[in-house]
Each structure stands twice: as structure tokens, then as C-alpha cells.
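*Asks:* Hey, dropping model-v4.cif in here, mmCIF, C-alpha atoms, pLDDT in the B column; chains and numbers go by the auth columns:
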data_model
#
loop_
_atom_site.group_PDB
_atom_site.id
_atom_site.type_symbol
_atom_site.label_atom_id
_atom_site.label_comp_id
_atom_site.label_asym_id
_atom_site.label_seq_id
_atom_site.Cartn_x
_atom_site.Cartn_y
_atom_site.Cartn_z
_atom_site.B_iso_or_equiv
_atom_site.auth_seq_id
_atom_site.auth_asym_id
ATOM 1 C CA MET A 1 93.109 -159.142 48.707 87.00 1 A
ATOM 2 C CA ILE A 2 93.914 -160.882 45.421 94.00 2 A
ATOM 3 C CA ASN A 3 91.560 -159.851 42.626 95.00 3 A
ATOM 4 C CA TYR A 4 93.167 -161.299 39.492 96.00 4 A
ATOM 5 C CA HIS A 5 93.748 -165.040 39.088 97.00 5 A
ATOM 6 C CA PRO A 6 94.906 -167.459 36.378 96.00 6 A
ATOM 7 C CA ASP A 7 91.914 -168.713 34.424 94.00 7 A
ATOM 8 C CA ALA A 8 90.875 -172.370 34.395 92.00 8 A
ATOM 9 C CA ARG A 9 92.984 -173.215 31.346 92.00 9 A
ATOM 10 C CA PHE A 10 96.155 -171.851 32.978 94.00 10 A
ATOM 11 C CA LEU A 11 95.492 -173.879 36.135 94.00 11 A
ATOM 12 C CA THR A 12 94.637 -177.032 34.195 92.00 12 A
ATOM 13 C CA ASP A 13 97.761 -176.857 32.029 93.00 13 A
ATOM 14 C CA TYR A 14 99.863 -176.069 35.104 93.00 14 A
ATOM 15 C CA ALA A 15 98.537 -179.102 36.976 91.00 15 A
ATOM 16 C CA ALA A 16 99.160 -181.238 33.887 89.00 16 A
ATOM 17 C CA GLY A 17 102.738 -179.970 33.601 90.00 17 A
ATOM 18 C CA SER A 18 102.165 -178.706 30.058 91.00 18 A
ATOM 19 C CA LEU A 19 102.778 -174.967 30.511 93.00 19 A
ATOM 20 C CA PRO A 20 106.013 -173.410 29.200 93.00 20 A
ATOM 21 C CA ARG A 21 108.482 -172.960 32.062 93.00 21 A
ATOM 22 C CA SER A 22 108.154 -169.154 32.074 95.00 22 A
ATOM 23 C CA GLN A 23 104.374 -169.269 32.390 95.00 23 A
ATOM 24 C CA ALA A 24 104.538 -172.081 34.955 95.00 24 A
ATOM 25 C CA LEU A 25 106.846 -169.873 37.029 95.00 25 A
ATOM 26 C CA CYS A 26 104.221 -167.114 37.033 96.00 26 A
ATOM 27 C CA VAL A 27 101.447 -169.509 38.043 96.00 27 A
ATOM 28 C CA ALA A 28 103.666 -170.921 40.823 95.00 28 A
ATOM 29 C CA ALA A 29 104.342 -167.382 42.068 96.00 29 A
ATOM 30 C CA HIS A 30 100.602 -166.659 42.163 96.00 30 A
ATOM 31 C CA LEU A 31 99.914 -169.920 44.015 95.00 31 A
ATOM 32 C CA HIS A 32 102.398 -168.832 46.685 95.00 32 A
ATOM 33 C CA TYR A 33 99.990 -166.040 47.633 95.00 33 A
ATOM 34 C CA CYS A 34 96.574 -167.445 46.701 95.00 34 A
ATOM 35 C CA ALA A 35 95.049 -170.164 48.882 95.00 35 A
ATOM 36 C CA ALA A 36 91.961 -170.472 46.652 95.00 36 A
ATOM 37 C CA CYS A 37 94.016 -171.279 43.551 95.00 37 A
ATOM 38 C CA ARG A 38 96.234 -173.649 45.534 95.00 38 A
ATOM 39 C CA ALA A 39 93.105 -175.587 46.477 94.00 39 A
ATOM 40 C CA LYS A 40 92.003 -175.723 42.837 93.00 40 A
ATOM 41 C CA ASN A 41 95.479 -176.861 41.816 92.00 41 A
ATOM 42 C CA ARG A 42 95.235 -179.713 44.336 91.00 42 A
ATOM 43 C CA GLU A 43 91.822 -180.678 42.933 90.00 43 A
ATOM 44 C CA LEU A 44 93.171 -180.769 39.400 89.00 44 A
ATOM 45 C CA THR A 45 96.285 -182.694 40.407 86.00 45 A
ATOM 46 C CA GLU A 46 94.217 -185.281 42.294 85.00 46 A
ATOM 47 C CA LEU A 47 91.776 -185.602 39.405 83.00 47 A
ATOM 48 C CA GLY A 48 94.641 -186.066 36.957 73.00 48 A
ATOM 49 C CA ALA A 49 96.174 -188.774 39.127 72.00 49 A
ATOM 50 C CA GLU A 50 92.816 -190.543 39.473 71.00 50 A
ATOM 51 C CA LEU A 51 92.137 -190.445 35.734 69.00 51 A
ATOM 52 C CA PHE A 52 95.630 -191.715 35.030 62.00 52 A
ATOM 53 C CA MET A 53 95.118 -194.669 37.365 65.00 53 A
ATOM 54 C CA GLN A 54 91.747 -195.473 35.827 66.00 54 A
ATOM 55 C CA GLN A 55 92.549 -194.955 32.161 63.00 55 A
ATOM 56 C CA GLN A 56 93.343 -198.613 31.574 50.00 56 A
ATOM 57 C CA ARG A 57 90.137 -199.761 33.243 56.00 57 A
ATOM 58 C CA VAL A 58 87.413 -197.239 32.521 54.00 58 A
ATOM 59 C CA ARG A 59 86.943 -194.141 30.426 56.00 59 A
ATOM 60 C CA PRO A 60 86.141 -190.855 32.265 55.00 60 A
ATOM 61 C CA ARG A 61 82.445 -190.084 32.391 61.00 61 A
ATOM 62 C CA ALA A 62 81.254 -187.910 29.539 63.00 62 A
ATOM 63 C CA GLY A 63 81.493 -184.214 30.364 66.00 63 A
ATOM 64 C CA GLU A 64 83.450 -184.697 33.614 63.00 64 A
ATOM 65 C CA TYR A 65 86.432 -182.624 32.470 60.00 65 A
ATOM 66 C CA GLU A 66 84.222 -179.851 31.068 65.00 66 A
ATOM 67 C CA ARG A 67 82.157 -179.678 34.264 65.00 67 A
ATOM 68 C CA LEU A 68 85.311 -179.273 36.327 57.00 68 A
ATOM 69 C CA LEU A 69 86.535 -176.428 34.113 61.00 69 A
ATOM 70 C CA ALA A 70 83.140 -174.727 34.359 63.00 70 A
ATOM 71 C CA ARG A 71 83.240 -174.986 38.139 61.00 71 A
ATOM 72 C CA LEU A 72 86.745 -173.551 38.287 58.00 72 A
ATOM 73 C CA GLY A 73 85.741 -170.707 36.004 56.00 73 A
ATOM 74 C CA SER A 74 82.803 -169.775 38.221 54.00 74 A
ATOM 75 C CA ASP A 75 84.692 -170.054 41.518 49.00 75 A
ATOM 76 C CA ALA A 76 87.601 -167.719 40.771 46.00 76 A
ATOM 77 C CA PRO A 77 87.757 -164.381 38.972 42.00 77 A
ATOM 78 C CA ALA A 78 89.590 -164.796 35.668 40.00 78 A
ATOM 79 C CA ALA A 79 92.700 -162.810 34.911 41.00 79 A
ATOM 80 C CA ARG A 80 92.629 -160.453 31.956 39.00 80 A
ATOM 81 C CA GLY A 81 93.681 -162.434 29.161 36.00 81 A
ATOM 82 C CA ASP A 82 99.443 -169.390 31.058 36.00 82 A
ATOM 83 C CA VAL A 83 108.286 -175.354 38.319 56.00 83 A
ATOM 84 C CA ALA A 84 107.121 -176.773 41.069 47.00 84 A
ATOM 85 C CA SER A 85 103.902 -176.170 42.914 45.00 85 A
ATOM 86 C CA GLU A 86 103.921 -173.547 45.666 50.00 86 A
ATOM 87 C CA GLY A 87 102.416 -175.496 48.526 44.00 87 A
ATOM 88 C CA SER A 88 103.199 -173.293 51.494 39.00 88 A
ATOM 89 C CA GLU A 89 101.054 -170.575 52.961 39.00 89 A
ATOM 90 C CA ALA A 90 102.558 -167.165 52.298 40.00 90 A
ATOM 91 C CA SER A 91 102.529 -163.741 53.850 38.00 91 A
ATOM 92 C CA THR A 92 100.271 -161.434 51.855 37.00 92 A
ATOM 93 C CA ASN A 93 101.502 -158.170 53.301 37.00 93 A
ATOM 94 C CA GLY A 94 103.971 -157.621 50.462 38.00 94 A
ATOM 95 C CA GLU A 95 106.860 -156.762 52.759 38.00 95 A
ATOM 96 C CA ALA A 96 109.571 -158.286 50.559 39.00 96 A
ATOM 97 C CA SER A 97 111.969 -155.413 49.920 40.00 97 A
ATOM 98 C CA LEU A 98 113.998 -154.419 46.900 38.00 98 A
ATOM 99 C CA THR A 99 116.119 -151.401 46.212 44.00 99 A
ATOM 100 C CA PRO A 100 119.010 -152.563 44.007 44.00 100 A
ATOM 101 C CA GLY A 101 122.251 -150.848 44.970 43.00 101 A
ATOM 102 C CA GLU A 102 120.929 -149.364 48.222 37.00 102 A
ATOM 103 C CA LYS A 103 122.667 -151.240 51.028 36.00 103 A
ATOM 104 C CA SER A 104 120.671 -149.582 53.806 32.00 104 A
ATOM 105 C CA GLU A 105 117.440 -151.447 52.966 34.00 105 A
ATOM 106 C CA ALA A 106 116.874 -154.983 54.262 32.00 106 A
ATOM 107 C CA HIS A 107 116.213 -157.640 51.625 41.00 107 A
ATOM 108 C CA ALA A 108 113.609 -160.108 52.895 44.00 108 A
ATOM 109 C CA VAL A 109 113.958 -162.366 49.861 52.00 109 A
ATOM 110 C CA SER A 110 113.021 -165.475 51.777 53.00 110 A
ATOM 111 C CA ILE A 111 109.308 -164.584 51.847 69.00 111 A
ATOM 112 C CA LEU A 112 109.145 -164.390 48.052 84.00 112 A
ATOM 113 C CA PRO A 113 107.846 -167.430 46.153 91.00 113 A
ATOM 114 C CA ARG A 114 110.332 -170.301 46.397 88.00 114 A
ATOM 115 C CA ALA A 115 110.921 -170.465 42.649 87.00 115 A
ATOM 116 C CA VAL A 116 111.777 -166.745 42.515 90.00 116 A
ATOM 117 C CA HIS A 117 113.997 -167.090 45.580 87.00 117 A
ATOM 118 C CA ARG A 118 115.942 -169.880 43.847 87.00 118 A
ATOM 119 C CA LEU A 119 116.351 -167.902 40.621 87.00 119 A
ATOM 120 C CA ALA A 120 117.673 -164.943 42.627 84.00 120 A
ATOM 121 C CA ASN A 121 120.090 -167.224 44.503 81.00 121 A
ATOM 122 C CA GLY A 122 118.711 -165.775 47.704 77.00 122 A
ATOM 123 C CA ASN A 123 119.913 -162.237 47.029 83.00 123 A
ATOM 124 C CA LEU A 124 118.158 -159.768 44.751 86.00 124 A
ATOM 125 C CA GLU A 125 121.048 -157.293 44.969 82.00 125 A
ATOM 126 C CA GLN A 126 123.361 -159.726 43.228 85.00 126 A
ATOM 127 C CA LEU A 127 121.179 -159.910 40.129 90.00 127 A
ATOM 128 C CA ARG A 128 122.201 -157.880 37.093 90.00 128 A
ATOM 129 C CA TRP A 129 119.846 -154.949 36.642 92.00 129 A
ATOM 130 C CA ARG A 130 119.200 -152.811 33.573 89.00 130 A
ATOM 131 C CA LYS A 131 118.018 -149.275 34.273 88.00 131 A
ATOM 132 C CA VAL A 132 115.429 -147.451 32.141 80.00 132 A
ATOM 133 C CA GLY A 133 114.931 -143.913 33.421 79.00 133 A
ATOM 134 C CA ARG A 134 115.183 -142.910 37.061 86.00 134 A
ATOM 135 C CA ASN A 135 112.401 -145.028 38.511 90.00 135 A
ATOM 136 C CA PHE A 136 112.350 -148.301 36.592 89.00 136 A
ATOM 137 C CA ARG A 137 114.792 -151.183 36.194 90.00 137 A
ATOM 138 C CA TYR A 138 114.564 -154.833 35.272 91.00 138 A
ATOM 139 C CA SER A 139 116.645 -157.979 35.642 93.00 139 A
ATOM 140 C CA PRO A 140 116.340 -160.725 32.989 92.00 140 A
ATOM 141 C CA LEU A 141 115.993 -164.259 34.383 92.00 141 A
ATOM 142 C CA ASN A 142 117.115 -167.447 32.676 90.00 142 A
ATOM 143 C CA VAL A 143 114.288 -169.932 33.234 91.00 143 A
ATOM 144 C CA GLY A 144 115.102 -172.254 30.348 89.00 144 A
ATOM 145 C CA ASP A 145 112.370 -170.950 28.030 89.00 145 A
ATOM 146 C CA ALA A 146 113.859 -169.465 24.867 87.00 146 A
ATOM 147 C CA SER A 147 110.462 -168.527 23.421 87.00 147 A
ATOM 148 C CA ARG A 148 109.674 -165.941 26.109 91.00 148 A
ATOM 149 C CA GLU A 149 111.540 -163.217 27.980 90.00 149 A
ATOM 150 C CA THR A 150 111.190 -163.428 31.757 94.00 150 A
ATOM 151 C CA SER A 151 112.322 -160.686 34.128 92.00 151 A
ATOM 152 C CA LEU A 152 111.967 -159.164 37.555 95.00 152 A
ATOM 153 C CA LEU A 153 110.679 -155.591 37.313 92.00 153 A
ATOM 154 C CA TYR A 154 111.330 -152.908 39.906 94.00 154 A
ATOM 155 C CA ILE A 155 109.414 -149.615 40.043 94.00 155 A
ATOM 156 C CA LYS A 156 110.397 -147.046 42.641 95.00 156 A
ATOM 157 C CA ALA A 157 107.585 -145.776 44.883 95.00 157 A
ATOM 158 C CA GLY A 158 105.630 -143.147 42.967 94.00 158 A
ATOM 159 C CA GLY A 159 107.527 -143.932 39.781 92.00 159 A
ATOM 160 C CA SER A 160 106.284 -145.401 36.541 86.00 160 A
ATOM 161 C CA VAL A 161 107.254 -147.687 33.695 83.00 161 A
ATOM 162 C CA PRO A 162 107.609 -145.762 30.414 77.00 162 A
ATOM 163 C CA ARG A 163 104.394 -145.879 28.415 78.00 163 A
ATOM 164 C CA HIS A 164 104.546 -148.819 26.025 70.00 164 A
ATOM 165 C CA ARG A 165 102.595 -151.061 23.671 78.00 165 A
ATOM 166 C CA HIS A 166 102.540 -154.847 23.721 66.00 166 A
ATOM 167 C CA ASP A 167 103.358 -156.701 20.522 76.00 167 A
ATOM 168 C CA GLY A 168 102.559 -160.001 22.214 78.00 168 A
ATOM 169 C CA ASP A 169 101.129 -161.438 25.434 87.00 169 A
ATOM 170 C CA GLU A 170 102.522 -160.580 28.862 90.00 170 A
ATOM 171 C CA ILE A 171 101.872 -162.139 32.274 94.00 171 A
ATOM 172 C CA THR A 172 102.752 -160.119 35.380 94.00 172 A
ATOM 173 C CA VAL A 173 102.588 -161.280 39.009 97.00 173 A
ATOM 174 C CA ILE A 174 103.022 -158.625 41.687 96.00 174 A
ATOM 175 C CA LEU A 175 105.462 -159.767 44.389 96.00 175 A
ATOM 176 C CA LYS A 176 105.665 -156.610 46.465 94.00 176 A
ATOM 177 C CA GLY A 177 103.831 -153.298 46.615 95.00 177 A
ATOM 178 C CA SER A 178 101.294 -152.370 43.960 95.00 178 A
ATOM 179 C CA PHE A 179 100.877 -150.516 40.705 94.00 179 A
ATOM 180 C CA SER A 180 97.984 -149.040 38.778 92.00 180 A
ATOM 181 C CA ASP A 181 97.140 -148.151 35.197 87.00 181 A
ATOM 182 C CA LEU A 182 94.019 -147.006 33.384 82.00 182 A
ATOM 183 C CA GLU A 183 92.508 -150.486 33.769 85.00 183 A
ATOM 184 C CA GLY A 184 92.789 -150.734 37.554 89.00 184 A
ATOM 185 C CA LYS A 185 95.036 -151.276 40.566 94.00 185 A
ATOM 186 C CA TYR A 186 97.003 -154.469 41.181 94.00 186 A
ATOM 187 C CA GLY A 187 98.460 -155.724 44.453 96.00 187 A
ATOM 188 C CA VAL A 188 100.537 -158.558 45.825 96.00 188 A
ATOM 189 C CA GLY A 189 99.647 -161.916 44.260 96.00 189 A
ATOM 190 C CA ASP A 190 97.583 -160.539 41.383 97.00 190 A
ATOM 191 C CA PHE A 191 98.048 -162.407 38.095 97.00 191 A
ATOM 192 C CA VAL A 192 97.660 -159.839 35.319 94.00 192 A
ATOM 193 C CA VAL A 193 97.535 -160.691 31.609 92.00 193 A
ATOM 194 C CA ARG A 194 98.070 -158.140 28.853 87.00 194 A
ATOM 195 C CA THR A 195 97.528 -159.071 25.208 83.00 195 A
ATOM 196 C CA ARG A 196 98.853 -157.943 21.838 81.00 196 A
ATOM 197 C CA GLY A 197 97.991 -154.353 20.980 70.00 197 A
ATOM 198 C CA GLU A 198 97.289 -153.176 24.537 80.00 198 A
ATOM 199 C CA MET A 199 99.012 -149.994 25.684 81.00 199 A
ATOM 200 C CA HIS A 200 99.592 -148.908 29.268 76.00 200 A
ATOM 201 C CA GLN A 201 101.872 -147.170 31.765 81.00 201 A
ATOM 202 C CA PRO A 202 102.080 -148.856 35.177 87.00 202 A
ATOM 203 C CA VAL A 203 102.576 -146.443 38.088 92.00 203 A
ATOM 204 C CA ALA A 204 103.736 -147.675 41.513 94.00 204 A
ATOM 205 C CA SER A 205 101.942 -146.573 44.662 94.00 205 A
ATOM 206 C CA GLN A 206 103.413 -143.579 46.463 94.00 206 A
ATOM 207 C CA ASP A 207 104.137 -145.405 49.700 93.00 207 A
ATOM 208 C CA GLN A 208 106.047 -148.504 48.570 94.00 208 A
ATOM 209 C CA ASP A 209 108.393 -149.765 45.870 95.00 209 A
ATOM 210 C CA CYS A 210 106.889 -152.338 43.527 95.00 210 A
ATOM 211 C CA LEU A 211 108.489 -155.640 42.520 95.00 211 A
ATOM 212 C CA CYS A 212 106.962 -157.835 39.814 94.00 212 A
ATOM 213 C CA LEU A 213 107.680 -161.023 37.935 96.00 213 A
ATOM 214 C CA ALA A 214 106.838 -160.752 34.238 93.00 214 A
ATOM 215 C CA THR A 215 107.123 -162.900 31.142 93.00 215 A
ATOM 216 C CA LEU A 216 106.307 -161.913 27.564 89.00 216 A
ATOM 217 C CA ASP A 217 106.483 -163.559 24.157 85.00 217 A
ATOM 218 C CA ALA A 218 107.324 -160.415 22.144 77.00 218 A
ATOM 219 C CA PRO A 219 109.242 -157.213 22.986 73.00 219 A
ATOM 220 C CA ILE A 220 107.359 -154.196 24.244 68.00 220 A
ATOM 221 C CA VAL A 221 107.438 -151.028 22.134 66.00 221 A
ATOM 222 C CA MET A 222 108.058 -147.687 23.849 62.00 222 A
ATOM 223 C CA THR A 223 105.697 -144.983 22.623 60.00 223 A
ATOM 224 C CA ASN A 224 108.139 -142.142 23.354 50.00 224 A
ATOM 225 C CA TRP A 225 110.855 -141.808 20.671 38.00 225 A
ATOM 226 C CA LEU A 226 113.506 -140.853 23.234 41.00 226 A
ATOM 227 C CA MET A 227 112.726 -143.938 25.279 45.00 227 A
ATOM 228 C CA ARG A 228 112.924 -146.096 22.145 43.00 228 A
ATOM 229 C CA VAL A 229 116.447 -144.792 21.521 40.00 229 A
ATOM 230 C CA ALA A 230 117.403 -145.327 25.151 43.00 230 A
ATOM 231 C CA GLN A 231 115.995 -148.853 25.068 46.00 231 A
ATOM 232 C CA ARG A 232 118.203 -149.742 22.093 47.00 232 A
ATOM 233 C CA LEU A 233 121.248 -148.287 23.837 39.00 233 A
ATOM 234 C CA PHE A 234 120.549 -150.217 27.032 41.00 234 A
ATOM 235 C CA ASP A 235 120.065 -153.421 25.072 48.00 235 A
ATOM 236 C CA ARG A 236 123.576 -153.006 23.633 43.00 236 A
ATOM 237 C CA ARG A 237 125.274 -152.298 26.948 42.00 237 A
ATOM 238 C CA PRO A 238 126.144 -154.978 29.507 42.00 238 A
ATOM 239 C CA ALA A 239 123.881 -155.140 32.515 46.00 239 A
ATOM 240 C CA VAL A 240 125.178 -153.662 35.752 40.00 240 A
ATOM 241 C CA SER A 241 124.790 -155.028 39.242 40.00 241 A
#
For this file, produce the structure as C-alpha cells.

*Replies:*
Amino acid sequence: MINYHPDARFLTDYAAGSLPRSQALCVAAHLHYCAACRAKNRELTELGAELFMQQQRVRPRAGEYERLLARLGSDAPAARGDVASEGSEASTNGEASLTPGEKSEAHAVSILPRAVHRLANGNLEQLRWRKVGRNFRYSPLNVGDASRETSLLYIKAGGSVPRHRHDGDEITVILKGSFSDLEGKYGVGDFVVRTRGEMHQPVASQDQDCLCLATLDAPIVMTNWLMRVAQRLFDRRPAVS
């Protein structure tokens, strides 16, 4: 069950095509899993098309836009806290697999959101992964948005991301498995927003690896001095497949 959704402003800007590409990618990934938000996206798209067709003939009724936003806000839980629309129904069992470098595990990339599948060229193993500790690695993605860093994140079952602080905003969409922190537990399809100053340490569930899509507008800061040193060293070294 999906518990965290893009808020009305994210959905409105997505339907209008005004989100940065990195944030639009995250909304599209969420829509792949969430039928309720897909329906709202269709409503907004249809409304936008209708208003566009009518703009030369009649002005929208006063308050129409605000009433729609209010309705969207009351219908869907807001996330804590911004490509093409994902129109197909998707499996919500989170069975997409990822263990970079382990050839024995099947890689069901095709059930991931279409936009992520295209960025991975159909094969997650062929991406270039940077390792941080034993249980966490990430692969930067080039989505054509220089203002934000977008990556796939992989946390081994039972493992954790090093504790860190956010110096900017981060959007995370869970693509496989789940993770938890002091704020709650997040599963496949959840759209999670972290803001500047927040500190957390995501921990993957014990029974399944976790794969996420994340985009942020400022680097994270490791709270452990050893991890800060390691992060600088990894940033200087070329990524490995």
C-alpha cells in the first residue's frame, strides 16, 4: 500500500510540464505504481487542455483552479515536504531485483517504471556504481538537469545508508523493497520528501534488498568523520561497474 504521495503542487506542475526533469522523473516513477495519482494526473491534464482551448473565448470561472487543488489535497495524503507520464498499470509487489555484480540474481528491470528502464538501458548491472561501505551503493543518472543530482540507490537487505544530514531538498521514490528511519517505513511507490536540515539513516528491511530513485539539489553531509573522508575519496575515483 502506498502511503506517501506527491502533493497537489507537484502533480499540477507535472501535468503542466513545468517541473525540472529530475523531479518529473520522480513523479513519473510514482505514477507507475499509484493508480490514484494517475487518475489525478489525467484530471489535471484534461483540465489544462480544456482551459487552453477556452482561453481565447472565456476566462476560467473564479476559484476553479483553487477548488481543484483543494480537492486534490484532500483526496491524497501529501508527501513530506516536485518525462513522460506513466500510463500503464504496474505490479506493486516490488519484485524488481538488483544486486550489482552478482550474476546469479535475475534482473527483472522491465517491471520498473519506463523512464527508469530507459535510463538504465534495460540492464541495471551495466550502470556504473559507486560503493559506500559494505551495504550501500549508488549510480548517478544523467537526466539533463544540471541543478540537481539524480541517482539510483541500492541498500542491501538489512543494511543501511550512512547517517547523514541534508543541506537541500531530496525526493526519493522506492522502486523495490522498503526502508525505514525514525520517521516511518516506506515501501514500493512511496514518494518521500526530505528538506534542508533533516538528518536520518535509512535501513533496508531484513528480507529484501532496497532500490530507490532519488534526486537532490544539494549534497548530503555524512555525520561520521570517517565516512566524510571516504565520501571524498570515492568522489575522486572513477565509478566501477

*Asks:* Name every residue that the PyMOL selection byres ((chain A and resi 15-27) around 9) selects in this structure, writing the answer as JSON, numbers by chain with chains first and numbers rising.

*Replies:* {"A": [5, 6, 10, 11, 12, 13, 14, 28, 29, 30, 31, 32, 41, 42, 44, 45, 48, 82, 83, 84, 85, 86, 115, 116, 143, 144, 145, 147, 148, 149, 150, 171, 172, 173, 191, 213, 214, 215, 216]}

*Asks:* Restricting the calculation to only C-alpha atoms, which member of A:Pro202, A:Gly197, A:Ser139, A:Glu50 is positioned closest to Gly184 of chain A?

*Replies:*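 Closest residue, counting only C-alpha atoms: A:Pro202.
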
*Asks:* May I ask for the distance between atom CA of Leu175 of chain A and atom CA of Leu112 of chain A, given in Å to one decimal place?

*Replies:*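 Atom CA of Leu112 of chain A lies 7.0 Å from atom CA of Leu175 of chain A.
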
*Asks:* Which residues are close to Glu170 of chain A, i.e. within 9 Å by only C-alpha atoms, leaving aside same-chain residues fewer than 5 positions away? Reply as a list in words.

*Replies:* Val192, Val193, Arg194, Thr195, Arg196, Ala214, Thr215, Leu216, Asp217 and Ala218 of chain A

*Asks:* Mind giving me the straight-line distance from atom CA of Asn135 of chain A to atom CA of Ser160 of chain A in Å, one decimal?

*Replies:*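 If I compute the distance from atom CA of Asn135 of chain A to atom CA of Ser160 of chain A, I get 6.4 Å.
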
*Asks:* Provide the atom CA of Pro113 of chain A to atom CA of Leu47 of chain A distance in Å, to one decimal place.

*Replies:*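 Answer for the atom CA of Pro113 of chain A to atom CA of Leu47 of chain A separation: 25.2 Å.
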
*Asks:* Which residues, named as in the file, does the PyMOL selection byres ((chain A and resi 34) around 9) pick out? Answer as a list in words.

*Replies:*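 Applying the PyMOL selection byres ((chain A and resi 34) around 9) to the structure shown produces Ile2, His5, His30, Leu31, His32, Tyr33, Ala35, Ala36, Cys37, Arg38, Ala39, Glu89, Ala90, Thr92, Gly189 and Asp190 of chain A.
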
*Asks:* Please determine the residues with any atom at most 7 Å from (109.2, -150.5, 44.4) (coordinates as given in the file, with all atoms listed in the file counting) and report them as an mmCIF file with C-alpha atoms, in the frame of the given file.

*Replies:*
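Contents of point-v2.cif, freshly written:
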data_model
loop_
_atom_site.group_PDB
_atom_site.id
_atom_site.type_symbol
_atom_site.label_atom_id
_atom_site.label_comp_id
_atom_site.auth_asym_id
_atom_site.auth_seq_id
_atom_site.Cartn_x
_atom_site.Cartn_y
_atom_site.Cartn_z
ATOM 1 C CA LEU A 98 113.998 -154.419 46.900
ATOM 2 C CA TYR A 154 111.330 -152.908 39.906
ATOM 3 C CA ILE A 155 109.414 -149.615 40.043
ATOM 4 C CA LYS A 156 110.397 -147.046 42.641
ATOM 5 C CA ALA A 157 107.585 -145.776 44.883
ATOM 6 C CA GLY A 177 103.831 -153.298 46.615
ATOM 7 C CA ALA A 204 103.736 -147.675 41.513
ATOM 8 C CA GLN A 208 106.047 -148.504 48.570
ATOM 9 C CA ASP A 209 108.393 -149.765 45.870
ATOM 10 C CA CYS A 210 106.889 -152.338 43.527
ATOM 11 C CA LEU A 211 108.489 -155.640 42.520
#

*Asks:* If I wrap all listed atoms of segment 24-32 of chain A in a box with edges along x, y and z and add 8 Å on each side, what are its centre and edge lengths in Å to one decimal, as JSON?

*Replies:*
{"center_x": 103.4, "center_y": -169.4, "center_z": 40.8, "size_x": 22.9, "size_y": 21.4, "size_z": 27.7}

*Asks:* With all atoms listed in the file as the counted atoms, please give the residues lying no more than 9 Å from Val203 of chain A, apart from itself and same-chain residues fewer than 2 positions off, as a compact mmCIF listing (two decimals) with C-alpha atoms, in the coordinates of the input.

*Replies:*
# COMPACT_ATOMS: atom_id res chain seq x y z
CA ILE A 155 109.41 -149.62 40.04
CA ALA A 157 107.58 -145.78 44.88
CA GLY A 158 105.63 -143.15 42.97
CA GLY A 159 107.53 -143.93 39.78
CA SER A 160 106.28 -145.40 36.54
CA VAL A 161 107.25 -147.69 33.70
CA SER A 178 101.29 -152.37 43.96
CA PHE A 179 100.88 -150.52 40.70
CA SER A 180 97.98 -149.04 38.78
CA ASP A 181 97.14 -148.15 35.20
CA GLN A 201 101.87 -147.17 31.76
CA SER A 205 101.94 -146.57 44.66
CA GLN A 206 103.41 -143.58 46.46
